[in-house]
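**Q** One structure, as structure tokens, below. Some questions next.
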Amino acid sequence: MALIALADGMIHLFKGAFSIQHFGHFITAGSIVFFFAKIFIKPIPRTDTVLKSYTFLVFLGCISSFISGNLIGEIHLTCTILNFTLVLGWVTYLVWYSYFQHRNEEENHLLNIGNKLPLLTFENAQGAVVTSDRFAGTPSIFMFYRGNWCPFCMAQIQEMVDNHKELSDRNINTIFISSQPHNFSKKLTEKHSLDFQFLVDVEHKVSKQLHIFDENGLPFGFQIFGFSSDTTLPTVIITDAEEKIIYTNQTDHYRTRPTPSELLKVIDVNS
């Protein structure tokens, strides 16, 4: 919808029929298109929950377009409808879509701090079985991510890669887990040829075991690339050398993630 609105504004610009009302329309649509283009072209690991600067521009464009149209007594109906639809869509994205609905309705006691991590069974990119007890003896960070299609997940992984030295110096196992098909995890293994583990949660068995399963969590359209409609809720679990859970992050918002420095601090404090 934002792309259509942006194209509409550009058509009027090239036709020489570009008005203040169309300019506001252009700002609203352009802000939305720019945000989504940006997170896929150059992924970022996190944002503020309300995207203040973008939200300001979206509302500014809509309001200025509507006011200017009233002042000159010439309201373009298509422009107005598109603007208000975009604002409604943007607000829906911020207050509904960005949140994992119902995640915290029932507390997940299994991941309480102090509990021992239950035995988890994964497969590596080649299909070999890997169990979580393999990582006992040193601290471990288990990072469950949604898949290669998620720009915030990819940025979060890159952020951890950038902190490889700090993680390696502390002898920390870093394990990334997704329920996506093996070939996608293999691509990450080849891209980040470090001592990180990229494992597959086959048939979502682990995510269901830990109550972090997200049924139909894949955005519509990504299925054509071979991803399952069901995903895993972004979750970080840190265990000590005895496999005791010392930290969990079960975010209920897909654009808010813990920083590597926060994770390293947890391990340093518990060393």
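The way I read the labels, and the way they are meant: chains A, B, ... in the order of the structure tokens, residue 1 as the first residue of every chain, and ligand 1 as the first ligand shown, with later ones counted on from there.
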Give the alpha helix (DSSP H) residues of range 4-253 of chain A, as assigned by DSSP on the backbone, as a ChimeraX atom specification.
**A** /A:4-15,20-41,52-71,77-92,151-162,164-169,182-191,205-209
**Q** Identify, with DSSP run on backbone atoms, the residues in range 66-240 of chain A assigned to strand (DSSP E or B), and express the list as a PyMOL selection string.
**A** chain A and resi 99+116+121-124+129-131+140-144+173-178+197-200+213-214+231-232+235-239
**Q** So which residues touch Leu51 in chain A within 12 Å, counting only C-alpha atoms, skipping near sequence neighbours fewer than 4 positions away, as a VMD selection string?
**A** chain A and resid 31 to 32 35 to 36 46 to 47 55 to 58 90 to 91 93 to 95 98 255 to 256
**Q** Give me the residues near Phe122 in chain A as a list in words, where near means some atom within 10 Å (using only C-alpha atoms) and where sequence neighbours in that chain fewer than 6 positions away do not count.
**A** Ala128, Val129, Val130, Thr131, Ser132, Ile177, Ser178, Ser179, Phe198, Leu199, Val200, Asp201, Val202, His204, Lys205 and Val206 of chain A
**Q** Export, as a JSON list (two decimals), in the first residue's frame, the selected residues with N, CA, C and O atoms.
**A**
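The resulting file, result.json, is shown below:
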```json
[["chain", "number", "residue", "atom", "x", "y", "z"],
["A", 128, "ALA", "N", 23.46, -34.28, 11.37],
["A", 128, "ALA", "CA", 23.94, -35.08, 12.51],
["A", 128, "ALA", "C", 23.28, -34.60, 13.80],
["A", 128, "ALA", "O", 23.07, -33.40, 14.00],
["A", 129, "VAL", "N", 22.97, -35.54, 14.69],
["A", 129, "VAL", "CA", 22.31, -35.20, 15.95],
["A", 129, "VAL", "C", 23.29, -34.54, 16.91],
["A", 129, "VAL", "O", 24.43, -34.99, 17.08],
["A", 130, "VAL", "N", 22.84, -33.46, 17.54],
["A", 130, "VAL", "CA", 23.64, -32.74, 18.54],
["A", 130, "VAL", "C", 22.74, -32.51, 19.75],
["A", 130, "VAL", "O", 21.63, -31.99, 19.62],
["A", 131, "THR", "N", 23.19, -32.90, 20.93],
["A", 131, "THR", "CA", 22.41, -32.67, 22.15],
["A", 131, "THR", "C", 23.04, -31.57, 22.99],
["A", 131, "THR", "O", 24.25, -31.33, 22.92],
["A", 132, "SER", "N", 22.22, -30.90, 23.79],
["A", 132, "SER", "CA", 22.68, -29.74, 24.55],
["A", 132, "SER", "C", 23.74, -30.08, 25.58],
["A", 132, "SER", "O", 24.55, -29.22, 25.95],
["A", 177, "ILE", "N", 19.97, -21.41, 17.07],
["A", 177, "ILE", "CA", 19.01, -22.47, 16.75],
["A", 177, "ILE", "C", 17.80, -21.89, 16.03],
["A", 177, "ILE", "O", 17.24, -20.88, 16.44],
["A", 178, "SER", "N", 17.42, -22.56, 14.96],
["A", 178, "SER", "CA", 16.21, -22.20, 14.23],
["A", 178, "SER", "C", 15.52, -23.47, 13.77],
["A", 178, "SER", "O", 16.15, -24.52, 13.61],
["A", 179, "SER", "N", 14.24, -23.37, 13.52],
["A", 179, "SER", "CA", 13.49, -24.53, 13.02],
["A", 179, "SER", "C", 13.41, -24.54, 11.49],
["A", 179, "SER", "O", 12.70, -25.35, 10.91],
["A", 198, "PHE", "N", 25.43, -23.58, 14.35],
["A", 198, "PHE", "CA", 24.13, -23.25, 13.75],
["A", 198, "PHE", "C", 23.35, -24.55, 13.65],
["A", 198, "PHE", "O", 23.63, -25.40, 12.81],
["A", 199, "LEU", "N", 22.38, -24.70, 14.55],
["A", 199, "LEU", "CA", 21.66, -25.96, 14.68],
["A", 199, "LEU", "C", 20.21, -25.82, 14.24],
["A", 199, "LEU", "O", 19.65, -24.72, 14.20],
["A", 200, "VAL", "N", 19.62, -26.97, 13.94],
["A", 200, "VAL", "CA", 18.23, -27.01, 13.46],
["A", 200, "VAL", "C", 17.35, -27.71, 14.49],
["A", 200, "VAL", "O", 17.68, -28.80, 14.97],
["A", 201, "ASP", "N", 16.26, -27.05, 14.82],
["A", 201, "ASP", "CA", 15.24, -27.63, 15.69],
["A", 201, "ASP", "C", 14.25, -28.36, 14.79],
["A", 201, "ASP", "O", 13.30, -27.76, 14.28],
["A", 202, "VAL", "N", 14.50, -29.65, 14.57],
["A", 202, "VAL", "CA", 13.71, -30.42, 13.62],
["A", 202, "VAL", "C", 12.27, -30.57, 14.09],
["A", 202, "VAL", "O", 12.01, -30.97, 15.22],
["A", 204, "HIS", "N", 10.26, -28.55, 15.08],
["A", 204, "HIS", "CA", 9.93, -27.66, 16.20],
["A", 204, "HIS", "C", 9.86, -28.39, 17.54],
["A", 204, "HIS", "O", 9.21, -27.92, 18.48],
["A", 205, "LYS", "N", 10.53, -29.54, 17.63],
["A", 205, "LYS", "CA", 10.43, -30.34, 18.86],
["A", 205, "LYS", "C", 10.95, -29.59, 20.08],
["A", 205, "LYS", "O", 10.35, -29.62, 21.16],
["A", 206, "VAL", "N", 12.09, -28.89, 19.92],
["A", 206, "VAL", "CA", 12.67, -28.17, 21.06],
["A", 206, "VAL", "C", 11.84, -26.95, 21.42],
["A", 206, "VAL", "O", 11.60, -26.66, 22.59]]
```
**Q** My list of candidates is A:Asp268, A:Leu88, A:Arg103, A:Gln180. Which is closest to Asp214 in chain A when distances are computed with only C-alpha atoms?
**A**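 Residue with the minimum atom-to-atom distance to Asp214 in chain A: A:Arg103.
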**Q** So, counting only C-alpha atoms, which residue among A:Trp149, A:Phe135, A:Phe59, A:Phe196 is closest to Leu86 in chain A?
**A**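 Comparing A:Trp149, A:Phe135, A:Phe59, A:Phe196 against Leu86 in chain A, the winner is A:Phe59.
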